[in-house]
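Pasting coords-v7.cif here (mmCIF, N, CA and C atoms):
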data_structure
#
loop_
_atom_site.label_atom_id
_atom_site.label_comp_id
_atom_site.auth_asym_id
_atom_site.auth_seq_id
_atom_site.Cartn_x
_atom_site.Cartn_y
_atom_site.Cartn_z
N MET Z 1263 57.75 92.31 21.73
CA MET Z 1263 57.23 92.78 20.46
C MET Z 1263 57.15 91.60 19.51
N GLU Z 1264 56.00 91.38 18.96
CA GLU Z 1264 55.77 90.28 18.03
C GLU Z 1264 55.99 90.77 16.60
N VAL Z 1265 56.89 90.11 15.88
CA VAL Z 1265 57.13 90.43 14.47
C VAL Z 1265 56.40 89.38 13.64
N PRO Z 1266 55.51 89.81 12.73
CA PRO Z 1266 54.81 88.83 11.89
C PRO Z 1266 55.79 87.96 11.12
N GLU Z 1267 55.42 86.70 10.93
CA GLU Z 1267 56.31 85.75 10.26
C GLU Z 1267 56.69 86.22 8.86
N TYR Z 1268 55.74 86.80 8.11
CA TYR Z 1268 56.05 87.25 6.76
C TYR Z 1268 57.12 88.35 6.79
N ALA Z 1269 57.07 89.22 7.80
CA ALA Z 1269 58.04 90.31 7.91
C ALA Z 1269 59.42 89.76 8.27
N LEU Z 1270 59.44 88.78 9.19
CA LEU Z 1270 60.72 88.16 9.55
C LEU Z 1270 61.34 87.49 8.33
N GLU Z 1271 60.54 86.77 7.56
CA GLU Z 1271 61.04 86.11 6.36
C GLU Z 1271 61.55 87.12 5.34
N LEU Z 1272 60.87 88.25 5.21
CA LEU Z 1272 61.30 89.31 4.31
C LEU Z 1272 62.71 89.78 4.68
N LEU Z 1273 62.91 90.08 5.96
CA LEU Z 1273 64.21 90.58 6.41
C LEU Z 1273 65.29 89.50 6.33
N LEU Z 1274 64.95 88.27 6.72
CA LEU Z 1274 65.92 87.18 6.66
C LEU Z 1274 66.39 86.90 5.23
N ALA Z 1275 65.56 87.20 4.25
CA ALA Z 1275 65.93 86.99 2.84
C ALA Z 1275 67.08 87.90 2.42
N TYR Z 1276 67.30 89.00 3.14
CA TYR Z 1276 68.41 89.90 2.84
C TYR Z 1276 69.74 89.41 3.40
N ASP Z 1277 69.72 88.47 4.34
CA ASP Z 1277 70.96 88.07 5.01
C ASP Z 1277 72.04 87.64 4.02
N GLY Z 1278 73.22 88.23 4.20
CA GLY Z 1278 74.38 87.87 3.38
C GLY Z 1278 74.45 88.57 2.04
N ARG Z 1279 73.48 89.40 1.74
CA ARG Z 1279 73.46 90.07 0.43
C ARG Z 1279 74.36 91.30 0.41
N LEU Z 1280 74.93 91.56 -0.76
CA LEU Z 1280 75.68 92.78 -1.06
C LEU Z 1280 75.03 93.40 -2.29
N HIS Z 1281 74.74 94.68 -2.23
CA HIS Z 1281 74.18 95.41 -3.38
C HIS Z 1281 75.18 96.49 -3.76
N PHE Z 1282 75.63 96.48 -4.99
CA PHE Z 1282 76.68 97.40 -5.46
C PHE Z 1282 76.12 98.51 -6.33
N PHE Z 1283 76.71 99.69 -6.18
CA PHE Z 1283 76.40 100.84 -7.01
C PHE Z 1283 77.54 101.02 -8.00
N ALA Z 1284 77.30 101.75 -9.09
CA ALA Z 1284 78.32 101.95 -10.13
C ALA Z 1284 79.59 102.58 -9.57
N SER Z 1285 79.46 103.37 -8.52
CA SER Z 1285 80.60 104.06 -7.90
C SER Z 1285 81.52 103.11 -7.13
N GLY Z 1286 81.03 101.89 -6.85
CA GLY Z 1286 81.79 100.97 -6.01
C GLY Z 1286 81.28 100.96 -4.58
N ASP Z 1287 80.47 101.95 -4.19
CA ASP Z 1287 79.82 101.93 -2.87
C ASP Z 1287 78.90 100.71 -2.84
N TYR Z 1288 78.64 100.19 -1.64
CA TYR Z 1288 77.77 99.01 -1.57
C TYR Z 1288 77.00 98.95 -0.25
N LEU Z 1289 75.90 98.22 -0.29
CA LEU Z 1289 75.07 97.93 0.89
C LEU Z 1289 75.38 96.51 1.32
N ARG Z 1290 75.47 96.29 2.65
CA ARG Z 1290 75.69 94.94 3.17
C ARG Z 1290 74.60 94.65 4.19
N PHE Z 1291 74.03 93.45 4.13
CA PHE Z 1291 72.95 93.04 5.01
C PHE Z 1291 73.34 91.79 5.79
N GLN Z 1292 73.21 91.86 7.11
CA GLN Z 1292 73.43 90.70 7.97
C GLN Z 1292 72.23 90.62 8.91
N VAL Z 1293 71.51 89.50 8.86
CA VAL Z 1293 70.27 89.36 9.62
C VAL Z 1293 70.16 87.93 10.15
N LYS Z 1294 69.80 87.80 11.41
CA LYS Z 1294 69.60 86.49 12.03
C LYS Z 1294 68.41 86.56 12.98
N ALA Z 1295 67.64 85.48 13.05
CA ALA Z 1295 66.61 85.36 14.08
C ALA Z 1295 67.32 84.89 15.34
N VAL Z 1296 67.03 85.54 16.47
CA VAL Z 1296 67.66 85.21 17.75
C VAL Z 1296 66.58 85.12 18.83
N GLN Z 1297 66.99 84.62 19.96
CA GLN Z 1297 66.09 84.57 21.12
C GLN Z 1297 65.73 85.98 21.55
N ARG Z 1298 64.47 86.22 21.81
CA ARG Z 1298 64.05 87.54 22.30
C ARG Z 1298 64.66 87.79 23.67
N SER Z 1299 64.99 89.05 23.91
CA SER Z 1299 65.55 89.45 25.20
C SER Z 1299 65.18 90.90 25.45
N ARG Z 1300 65.63 91.41 26.57
CA ARG Z 1300 65.37 92.83 26.87
C ARG Z 1300 66.02 93.75 25.85
N SER Z 1301 67.21 93.40 25.42
CA SER Z 1301 67.91 94.25 24.46
C SER Z 1301 67.49 93.99 23.01
N VAL Z 1302 66.89 92.83 22.75
CA VAL Z 1302 66.42 92.49 21.40
C VAL Z 1302 64.99 91.94 21.51
N PRO Z 1303 64.02 92.80 21.84
CA PRO Z 1303 62.66 92.32 22.11
C PRO Z 1303 61.93 91.77 20.88
N HIS Z 1304 62.39 92.10 19.69
CA HIS Z 1304 61.74 91.62 18.47
C HIS Z 1304 62.36 90.32 17.97
N GLY Z 1305 63.47 89.88 18.54
CA GLY Z 1305 64.10 88.61 18.17
C GLY Z 1305 64.84 88.63 16.84
N ILE Z 1306 65.33 89.80 16.43
CA ILE Z 1306 66.07 89.91 15.17
C ILE Z 1306 67.40 90.62 15.43
N ALA Z 1307 68.51 89.95 15.13
CA ALA Z 1307 69.82 90.59 15.19
C ALA Z 1307 70.12 91.05 13.76
N TYR Z 1308 70.42 92.33 13.60
CA TYR Z 1308 70.61 92.85 12.26
C TYR Z 1308 71.72 93.88 12.19
N SER Z 1309 72.32 93.98 11.01
CA SER Z 1309 73.29 95.01 10.68
C SER Z 1309 73.08 95.34 9.21
N LEU Z 1310 72.56 96.54 8.96
CA LEU Z 1310 72.32 97.02 7.60
C LEU Z 1310 73.27 98.19 7.41
N THR Z 1311 74.21 98.07 6.49
CA THR Z 1311 75.25 99.09 6.38
C THR Z 1311 75.49 99.53 4.94
N LEU Z 1312 75.96 100.77 4.82
CA LEU Z 1312 76.39 101.33 3.55
C LEU Z 1312 77.89 101.56 3.66
N HIS Z 1313 78.63 101.12 2.64
CA HIS Z 1313 80.08 101.23 2.66
C HIS Z 1313 80.61 101.97 1.44
N ALA Z 1314 81.73 102.67 1.63
CA ALA Z 1314 82.46 103.30 0.54
C ALA Z 1314 83.20 102.20 -0.23
N PRO Z 1315 83.67 102.48 -1.43
CA PRO Z 1315 84.39 101.46 -2.20
C PRO Z 1315 85.58 100.85 -1.44
N ASP Z 1316 86.22 101.62 -0.54
CA ASP Z 1316 87.35 101.09 0.22
C ASP Z 1316 86.93 100.27 1.44
N GLY Z 1317 85.63 100.08 1.64
CA GLY Z 1317 85.13 99.27 2.75
C GLY Z 1317 84.76 100.06 3.99
N ARG Z 1318 85.08 101.34 4.03
CA ARG Z 1318 84.75 102.18 5.20
C ARG Z 1318 83.24 102.30 5.34
N ARG Z 1319 82.73 102.08 6.57
CA ARG Z 1319 81.30 102.19 6.81
C ARG Z 1319 80.89 103.66 6.80
N LEU Z 1320 79.87 103.97 6.00
CA LEU Z 1320 79.35 105.33 5.90
C LEU Z 1320 78.07 105.52 6.71
N LEU Z 1321 77.32 104.43 6.88
CA LEU Z 1321 76.02 104.47 7.55
C LEU Z 1321 75.72 103.07 8.06
N GLY Z 1322 75.07 102.97 9.20
CA GLY Z 1322 74.69 101.66 9.69
C GLY Z 1322 73.49 101.70 10.61
N PHE Z 1323 72.63 100.70 10.46
CA PHE Z 1323 71.52 100.45 11.38
C PHE Z 1323 71.78 99.07 11.95
N ASP Z 1324 71.88 98.95 13.27
CA ASP Z 1324 72.14 97.64 13.86
C ASP Z 1324 71.69 97.59 15.31
N ASN Z 1325 71.84 96.42 15.89
CA ASN Z 1325 71.54 96.25 17.31
C ASN Z 1325 72.59 95.34 17.96
N ALA Z 1326 73.82 95.52 17.55
CA ALA Z 1326 74.93 94.70 18.04
C ALA Z 1326 75.39 95.09 19.43
N HIS Z 1327 75.12 96.32 19.84
CA HIS Z 1327 75.58 96.79 21.14
C HIS Z 1327 74.70 97.94 21.59
N PRO Z 1328 74.63 98.18 22.88
CA PRO Z 1328 73.88 99.35 23.36
C PRO Z 1328 74.65 100.62 23.00
N VAL Z 1329 73.92 101.72 22.85
CA VAL Z 1329 74.57 102.99 22.52
C VAL Z 1329 74.78 103.81 23.78
N PRO Z 1330 75.75 104.71 23.76
CA PRO Z 1330 76.00 105.55 24.92
C PRO Z 1330 74.75 106.34 25.31
N HIS Z 1331 74.58 106.52 26.59
CA HIS Z 1331 73.45 107.28 27.12
C HIS Z 1331 73.63 108.75 26.77
N ARG Z 1332 72.57 109.36 26.27
CA ARG Z 1332 72.61 110.79 25.96
C ARG Z 1332 71.54 111.48 26.79
N GLY Z 1333 71.86 112.65 27.24
CA GLY Z 1333 70.86 113.41 28.00
C GLY Z 1333 71.20 113.47 29.47
N ALA Z 1334 70.24 113.94 30.23
CA ALA Z 1334 70.42 114.14 31.66
C ALA Z 1334 70.60 112.82 32.40
N ARG Z 1335 71.20 112.90 33.56
CA ARG Z 1335 71.46 111.66 34.30
C ARG Z 1335 70.19 111.04 34.86
N HIS Z 1336 69.09 111.78 34.89
CA HIS Z 1336 67.84 111.24 35.40
C HIS Z 1336 66.95 110.67 34.30
N VAL Z 1337 67.44 110.70 33.06
CA VAL Z 1337 66.70 110.11 31.95
C VAL Z 1337 67.00 108.62 31.94
N ARG Z 1338 65.95 107.82 31.94
CA ARG Z 1338 66.11 106.36 32.00
C ARG Z 1338 66.69 105.83 30.69
N ARG Z 1339 67.70 104.99 30.81
CA ARG Z 1339 68.34 104.36 29.64
C ARG Z 1339 67.40 103.31 29.07
N ARG Z 1340 67.28 103.29 27.76
CA ARG Z 1340 66.44 102.30 27.09
C ARG Z 1340 67.16 100.95 27.06
N PRO Z 1341 66.45 99.86 27.32
CA PRO Z 1341 67.11 98.55 27.30
C PRO Z 1341 67.38 98.01 25.90
N GLU Z 1342 66.65 98.50 24.90
CA GLU Z 1342 66.83 98.01 23.54
C GLU Z 1342 68.17 98.45 22.96
N ALA Z 1343 68.77 97.58 22.17
CA ALA Z 1343 70.07 97.87 21.57
C ALA Z 1343 69.94 98.46 20.16
N ASP Z 1344 68.74 98.62 19.65
CA ASP Z 1344 68.54 99.16 18.30
C ASP Z 1344 69.11 100.57 18.22
N HIS Z 1345 69.92 100.82 17.19
CA HIS Z 1345 70.49 102.15 17.01
C HIS Z 1345 70.97 102.30 15.57
N TRP Z 1346 71.41 103.51 15.25
CA TRP Z 1346 71.96 103.75 13.92
C TRP Z 1346 73.14 104.69 14.02
N HIS Z 1347 74.03 104.54 13.08
CA HIS Z 1347 75.24 105.36 12.98
C HIS Z 1347 75.05 106.21 11.74
N ARG Z 1348 74.91 107.52 11.92
CA ARG Z 1348 74.60 108.42 10.80
C ARG Z 1348 75.82 108.74 9.94
N ALA Z 1349 77.00 108.59 10.48
CA ALA Z 1349 78.22 108.94 9.76
C ALA Z 1349 79.38 108.10 10.29
N PRO Z 1350 80.48 108.04 9.54
CA PRO Z 1350 81.66 107.33 10.05
C PRO Z 1350 82.08 107.93 11.40
N GLY Z 1351 82.40 107.09 12.33
CA GLY Z 1351 82.85 107.56 13.64
C GLY Z 1351 81.73 107.86 14.62
N ASP Z 1352 80.49 107.88 14.16
CA ASP Z 1352 79.33 108.12 15.03
C ASP Z 1352 79.18 106.89 15.95
N GLN Z 1353 79.16 107.12 17.26
CA GLN Z 1353 79.03 106.01 18.21
C GLN Z 1353 77.64 105.39 18.21
N GLY Z 1354 76.71 106.05 17.58
CA GLY Z 1354 75.35 105.52 17.47
C GLY Z 1354 74.37 106.37 18.23
N ARG Z 1355 73.16 106.36 17.74
CA ARG Z 1355 72.05 107.05 18.40
C ARG Z 1355 70.88 106.09 18.42
N PRO Z 1356 70.07 106.14 19.44
CA PRO Z 1356 68.95 105.19 19.53
C PRO Z 1356 68.06 105.20 18.30
N TYR Z 1357 67.59 104.03 17.93
CA TYR Z 1357 66.65 103.87 16.83
C TYR Z 1357 65.44 103.12 17.38
N GLU Z 1358 64.27 103.64 17.14
CA GLU Z 1358 63.05 102.96 17.63
C GLU Z 1358 62.58 101.97 16.58
N PHE Z 1359 62.78 100.68 16.87
CA PHE Z 1359 62.33 99.62 15.96
C PHE Z 1359 60.82 99.51 16.08
N VAL Z 1360 60.12 99.85 14.98
CA VAL Z 1360 58.66 99.79 14.96
C VAL Z 1360 58.20 98.54 14.20
N SER Z 1361 58.85 98.29 13.06
CA SER Z 1361 58.52 97.13 12.23
C SER Z 1361 59.66 96.88 11.26
N VAL Z 1362 59.66 95.70 10.67
CA VAL Z 1362 60.65 95.35 9.66
C VAL Z 1362 60.53 96.30 8.48
N GLU Z 1363 59.30 96.55 8.05
CA GLU Z 1363 59.09 97.42 6.91
C GLU Z 1363 59.64 98.82 7.16
N ARG Z 1364 59.40 99.34 8.36
CA ARG Z 1364 59.88 100.68 8.69
C ARG Z 1364 61.41 100.71 8.77
N LEU Z 1365 62.02 99.65 9.32
CA LEU Z 1365 63.48 99.56 9.38
C LEU Z 1365 64.07 99.63 7.97
N LEU Z 1366 63.53 98.84 7.05
CA LEU Z 1366 64.04 98.86 5.67
C LEU Z 1366 63.81 100.22 5.02
N GLU Z 1367 62.63 100.79 5.23
CA GLU Z 1367 62.31 102.11 4.68
C GLU Z 1367 63.29 103.16 5.20
N ASP Z 1368 63.53 103.17 6.50
CA ASP Z 1368 64.45 104.15 7.10
C ASP Z 1368 65.88 103.95 6.61
N PHE Z 1369 66.31 102.69 6.53
CA PHE Z 1369 67.67 102.41 6.08
C PHE Z 1369 67.87 102.87 4.63
N PHE Z 1370 66.96 102.48 3.74
CA PHE Z 1370 67.11 102.86 2.34
C PHE Z 1370 67.01 104.37 2.15
N ALA Z 1371 66.17 105.04 2.92
CA ALA Z 1371 66.06 106.50 2.83
C ALA Z 1371 67.37 107.16 3.25
N GLU Z 1372 67.96 106.72 4.36
CA GLU Z 1372 69.23 107.29 4.82
C GLU Z 1372 70.37 106.95 3.87
N ALA Z 1373 70.36 105.72 3.35
CA ALA Z 1373 71.40 105.35 2.38
C ALA Z 1373 71.28 106.25 1.14
N GLY Z 1374 70.07 106.52 0.70
CA GLY Z 1374 69.86 107.42 -0.43
C GLY Z 1374 70.37 108.82 -0.14
N ARG Z 1375 70.15 109.29 1.08
CA ARG Z 1375 70.63 110.61 1.48
C ARG Z 1375 72.15 110.68 1.42
N VAL Z 1376 72.82 109.68 2.00
CA VAL Z 1376 74.29 109.66 2.02
C VAL Z 1376 74.84 109.55 0.60
N LEU Z 1377 74.25 108.69 -0.20
CA LEU Z 1377 74.72 108.54 -1.58
C LEU Z 1377 74.53 109.84 -2.36
N ALA Z 1378 73.40 110.51 -2.18
CA ALA Z 1378 73.15 111.78 -2.87
C ALA Z 1378 74.20 112.81 -2.47
N GLU Z 1379 74.56 112.85 -1.18
CA GLU Z 1379 75.60 113.77 -0.71
C GLU Z 1379 76.94 113.47 -1.38
N ARG Z 1380 77.15 112.21 -1.74
CA ARG Z 1380 78.40 111.80 -2.40
C ARG Z 1380 78.30 111.91 -3.92
N GLY Z 1381 77.13 112.31 -4.43
CA GLY Z 1381 76.94 112.42 -5.86
C GLY Z 1381 76.73 111.10 -6.56
N VAL Z 1382 76.24 110.10 -5.82
CA VAL Z 1382 76.05 108.75 -6.36
C VAL Z 1382 74.55 108.50 -6.53
N ALA Z 1383 74.17 108.03 -7.70
CA ALA Z 1383 72.76 107.68 -7.96
C ALA Z 1383 72.41 106.40 -7.23
N PHE Z 1384 71.21 106.36 -6.67
CA PHE Z 1384 70.75 105.14 -5.98
C PHE Z 1384 70.24 104.16 -7.03
N GLU Z 1385 71.20 103.55 -7.70
CA GLU Z 1385 70.89 102.57 -8.74
C GLU Z 1385 71.82 101.37 -8.55
N ILE Z 1386 71.24 100.28 -8.12
CA ILE Z 1386 72.03 99.08 -7.86
C ILE Z 1386 72.37 98.42 -9.20
N VAL Z 1387 73.67 98.20 -9.41
CA VAL Z 1387 74.13 97.63 -10.69
C VAL Z 1387 74.53 96.15 -10.57
N ASP Z 1388 74.67 95.67 -9.33
CA ASP Z 1388 75.04 94.26 -9.14
C ASP Z 1388 74.64 93.86 -7.73
N ALA Z 1389 74.33 92.60 -7.56
CA ALA Z 1389 73.99 92.05 -6.24
C ALA Z 1389 74.63 90.68 -6.11
N LYS Z 1390 75.09 90.38 -4.91
CA LYS Z 1390 75.70 89.08 -4.65
C LYS Z 1390 75.10 88.49 -3.38
N GLU Z 1391 74.95 87.20 -3.37
CA GLU Z 1391 74.45 86.46 -2.21
C GLU Z 1391 75.63 86.05 -1.34
N GLY Z 1392 75.39 85.94 -0.05
CA GLY Z 1392 76.38 85.38 0.86
C GLY Z 1392 77.63 86.21 1.03
N GLY Z 1393 77.57 87.52 0.81
CA GLY Z 1393 78.76 88.36 0.95
C GLY Z 1393 79.05 88.73 2.39
N ARG Z 1394 80.08 88.18 2.95
CA ARG Z 1394 80.46 88.49 4.33
C ARG Z 1394 81.88 88.98 4.34
#

Please re-express this file's structure in structure tokens.
Amino acid sequence: MEVPEYALELLLAYDGRLHFFASGDYLRFQVKAVQRSRSVPHGIAYSLTLHAPDGRRLLGFDNAHPVPHRGARHVRRRPEADHWHRAPGDQGRPYEFVSVERLLEDFFAEAGRVLAERGVAFEIVDAKEGGR
């Protein structure tokens, strides 16, 4: 899968950023360009996460590891490692990486959903570079 250079640069610009909400919840972005492979056909290693003020992960989109196989034993396992964790403790469910823009759109939409469930407005009050 070929990712346009402008899209790669867009996503790489988020690397190391932390975005804070008034509640203390925050978004963390980790993004690196990597060698393309079967598990990472687009050549982007990413972890986009939403955290509670105490640091507990509430939501995550990443491709750090393959997710457990779900379904019948005759269903072919996907080689891509892209997946998302909808809630704390979720082992992950496959995510179909279509484009950088769609990844960001899906992540922000889900983060908005989780924050709304927690009664938190999706209004970033502070941002920091290089937050690891």

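Coordinates place atom N of His1304 of chain Z at a distance of 27.2 Å from atom CA of Arg1375 of chain Z.
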
Running the PyMOL selection byres (((chain Z and resi 1376 and name CA) around 12) and name CA) on this model by hand, what would come out? Give it as a ChimeraX atom specification. /Z:1287-1289,1311-1314,1319-1322,1347-1350,1369-1375,1377-1384

If you apply the PyMOL selection byres ((chain Z and resi 1324) around 6.5) to this file, what residues do you get, as a PyMOL selection string? chain Z and resi 1308-1310+1322-1323+1325-1327+1343-1347

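Across the structure, atom CA of Phe1291 of chain Z and atom CA of Arg1318 of chain Z are spaced 14.9 Å apart.
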
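Between atom C of Gln1292 of chain Z and atom C of Leu1270 of chain Z the interatomic distance comes to 11.3 Å.
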
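Remark: for Arg1279 of chain Z, the closest of the candidate residues Z:Gly1351, Z:Glu1385, Z:Pro1266, Z:Val1293 is Z:Val1293 (distances computed over only N, CA and C atoms).
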
Hits of the PyMOL selection byres ((chain Z and resi 1302) around 8) in this structure, as JSON, numbers by chain: {"Z": [1263, 1296, 1297, 1298, 1299, 1300, 1301, 1303, 1304, 1305, 1306, 1307, 1325, 1341, 1342, 1343, 1344]}

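With only C-alpha atoms as the atoms that count, the residue of Z:Gly1392, Z:Gly1354, Z:Asp1316, Z:Glu1367 with the shortest distance to Gly1286 of chain Z is Z:Asp1316.
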
If you run DSSP on the backbone, which residues of chain Z are alpha helix (DSSP H), as a PDB file with N, CA and C atoms, in the coordinates of the input?
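Result went into result21.pdb, see below:
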ATOM      1  N   GLU Z1267      55.420  86.700  10.930  1.00  0.00           N
ATOM      2  CA  GLU Z1267      56.310  85.750  10.260  1.00  0.00           C
ATOM      3  C   GLU Z1267      56.690  86.220   8.860  1.00  0.00           C
ATOM      4  N   TYR Z1268      55.740  86.800   8.110  1.00  0.00           N
ATOM      5  CA  TYR Z1268      56.050  87.250   6.760  1.00  0.00           C
ATOM      6  C   TYR Z1268      57.120  88.350   6.790  1.00  0.00           C
ATOM      7  N   ALA Z1269      57.070  89.220   7.800  1.00  0.00           N
ATOM      8  CA  ALA Z1269      58.040  90.310   7.910  1.00  0.00           C
ATOM      9  C   ALA Z1269      59.420  89.760   8.270  1.00  0.00           C
ATOM     10  N   LEU Z1270      59.440  88.780   9.190  1.00  0.00           N
ATOM     11  CA  LEU Z1270      60.720  88.160   9.550  1.00  0.00           C
ATOM     12  C   LEU Z1270      61.340  87.490   8.330  1.00  0.00           C
ATOM     13  N   GLU Z1271      60.540  86.770   7.560  1.00  0.00           N
ATOM     14  CA  GLU Z1271      61.040  86.110   6.360  1.00  0.00           C
ATOM     15  C   GLU Z1271      61.550  87.120   5.340  1.00  0.00           C
ATOM     16  N   LEU Z1272      60.870  88.250   5.210  1.00  0.00           N
ATOM     17  CA  LEU Z1272      61.300  89.310   4.310  1.00  0.00           C
ATOM     18  C   LEU Z1272      62.710  89.780   4.680  1.00  0.00           C
ATOM     19  N   LEU Z1273      62.910  90.080   5.960  1.00  0.00           N
ATOM     20  CA  LEU Z1273      64.210  90.580   6.410  1.00  0.00           C
ATOM     21  C   LEU Z1273      65.290  89.500   6.330  1.00  0.00           C
ATOM     22  N   LEU Z1274      64.950  88.270   6.720  1.00  0.00           N
ATOM     23  CA  LEU Z1274      65.920  87.180   6.660  1.00  0.00           C
ATOM     24  C   LEU Z1274      66.390  86.900   5.230  1.00  0.00           C
ATOM     25  N   VAL Z1362      59.660  95.700  10.670  1.00  0.00           N
ATOM     26  CA  VAL Z1362      60.650  95.350   9.660  1.00  0.00           C
ATOM     27  C   VAL Z1362      60.530  96.300   8.480  1.00  0.00           C
ATOM     28  N   GLU Z1363      59.300  96.550   8.050  1.00  0.00           N
ATOM     29  CA  GLU Z1363      59.090  97.420   6.910  1.00  0.00           C
ATOM     30  C   GLU Z1363      59.640  98.820   7.160  1.00  0.00           C
ATOM     31  N   ARG Z1364      59.400  99.340   8.360  1.00  0.00           N
ATOM     32  CA  ARG Z1364      59.880 100.680   8.690  1.00  0.00           C
ATOM     33  C   ARG Z1364      61.410 100.710   8.770  1.00  0.00           C
ATOM     34  N   LEU Z1365      62.020  99.650   9.320  1.00  0.00           N
ATOM     35  CA  LEU Z1365      63.480  99.560   9.380  1.00  0.00           C
ATOM     36  C   LEU Z1365      64.070  99.630   7.970  1.00  0.00           C
ATOM     37  N   LEU Z1366      63.530  98.840   7.050  1.00  0.00           N
ATOM     38  CA  LEU Z1366      64.040  98.860   5.670  1.00  0.00           C
ATOM     39  C   LEU Z1366      63.810 100.220   5.020  1.00  0.00           C
ATOM     40  N   GLU Z1367      62.630 100.790   5.230  1.00  0.00           N
ATOM     41  CA  GLU Z1367      62.310 102.110   4.680  1.00  0.00           C
ATOM     42  C   GLU Z1367      63.290 103.160   5.200  1.00  0.00           C
ATOM     43  N   ASP Z1368      63.530 103.170   6.500  1.00  0.00           N
ATOM     44  CA  ASP Z1368      64.450 104.150   7.100  1.00  0.00           C
ATOM     45  C   ASP Z1368      65.880 103.950   6.610  1.00  0.00           C
ATOM     46  N   PHE Z1369      66.310 102.690   6.530  1.00  0.00           N
ATOM     47  CA  PHE Z1369      67.670 102.410   6.080  1.00  0.00           C
ATOM     48  C   PHE Z1369      67.870 102.870   4.630  1.00  0.00           C
ATOM     49  N   PHE Z1370      66.960 102.480   3.740  1.00  0.00           N
ATOM     50  CA  PHE Z1370      67.110 102.860   2.340  1.00  0.00           C
ATOM     51  C   PHE Z1370      67.010 104.370   2.150  1.00  0.00           C
ATOM     52  N   ALA Z1371      66.170 105.040   2.920  1.00  0.00           N
ATOM     53  CA  ALA Z1371      66.060 106.500   2.830  1.00  0.00           C
ATOM     54  C   ALA Z1371      67.370 107.160   3.250  1.00  0.00           C
ATOM     55  N   GLU Z1372      67.960 106.720   4.360  1.00  0.00           N
ATOM     56  CA  GLU Z1372      69.230 107.290   4.820  1.00  0.00           C
ATOM     57  C   GLU Z1372      70.370 106.950   3.870  1.00  0.00           C
ATOM     58  N   ALA Z1373      70.360 105.720   3.350  1.00  0.00           N
ATOM     59  CA  ALA Z1373      71.400 105.350   2.380  1.00  0.00           C
ATOM     60  C   ALA Z1373      71.280 106.250   1.140  1.00  0.00           C
ATOM     61  N   GLY Z1374      70.070 106.520   0.700  1.00  0.00           N
ATOM     62  CA  GLY Z1374      69.860 107.420  -0.430  1.00  0.00           C
ATOM     63  C   GLY Z1374      70.370 108.820  -0.140  1.00  0.00           C
ATOM     64  N   ARG Z1375      70.150 109.290   1.080  1.00  0.00           N
ATOM     65  CA  ARG Z1375      70.630 110.610   1.480  1.00  0.00           C
ATOM     66  C   ARG Z1375      72.150 110.680   1.420  1.00  0.00           C
ATOM     67  N   VAL Z1376      72.820 109.680   2.000  1.00  0.00           N
ATOM     68  CA  VAL Z1376      74.290 109.660   2.020  1.00  0.00           C
ATOM     69  C   VAL Z1376      74.840 109.550   0.600  1.00  0.00           C
ATOM     70  N   LEU Z1377      74.250 108.690  -0.200  1.00  0.00           N
ATOM     71  CA  LEU Z1377      74.720 108.540  -1.580  1.00  0.00           C
ATOM     72  C   LEU Z1377      74.530 109.840  -2.360  1.00  0.00           C
ATOM     73  N   ALA Z1378      73.400 110.510  -2.180  1.00  0.00           N
ATOM     74  CA  ALA Z1378      73.150 111.780  -2.870  1.00  0.00           C
ATOM     75  C   ALA Z1378      74.200 112.810  -2.470  1.00  0.00           C
ATOM     76  N   GLU Z1379      74.560 112.850  -1.180  1.00  0.00           N
ATOM     77  CA  GLU Z1379      75.600 113.770  -0.710  1.00  0.00           C
ATOM     78  C   GLU Z1379      76.940 113.470  -1.380  1.00  0.00           C
TER      79      GLU Z1379
END

Please identify which residues in segment 1285-1315 of chain Z DSSP calls strand (DSSP E or B) from the backbone, and express them as a VMD selection string. chain Z and resid 1288 to 1295 1306 to 1313

Counting all atoms listed in the file, what is within 5 Å of Leu1280 of chain Z, bar same-chain residues fewer than 3 positions away, as a ChimeraX atom specification? /Z:1289-1290,1389-1390

Can those selected residues be exported to a file as a PDB file, in the coordinates of the input so that it contains N, CA and C atoms?
ATOM      1  N   LEU Z1289      75.900  98.220  -0.290  1.00  0.00           N
ATOM      2  CA  LEU Z1289      75.070  97.930   0.890  1.00  0.00           C
ATOM      3  C   LEU Z1289      75.380  96.510   1.320  1.00  0.00           C
ATOM      4  N   ARG Z1290      75.470  96.290   2.650  1.00  0.00           N
ATOM      5  CA  ARG Z1290      75.690  94.940   3.170  1.00  0.00           C
ATOM      6  C   ARG Z1290      74.600  94.650   4.190  1.00  0.00           C
ATOM      7  N   ALA Z1389      74.330  92.600  -7.560  1.00  0.00           N
ATOM      8  CA  ALA Z1389      73.990  92.050  -6.240  1.00  0.00           C
ATOM      9  C   ALA Z1389      74.630  90.680  -6.110  1.00  0.00           C
ATOM     10  N   LYS Z1390      75.090  90.380  -4.910  1.00  0.00           N
ATOM     11  CA  LYS Z1390      75.700  89.080  -4.650  1.00  0.00           C
ATOM     12  C   LYS Z1390      75.100  88.490  -3.380  1.00  0.00           C
TER      13      LYS Z1390
END
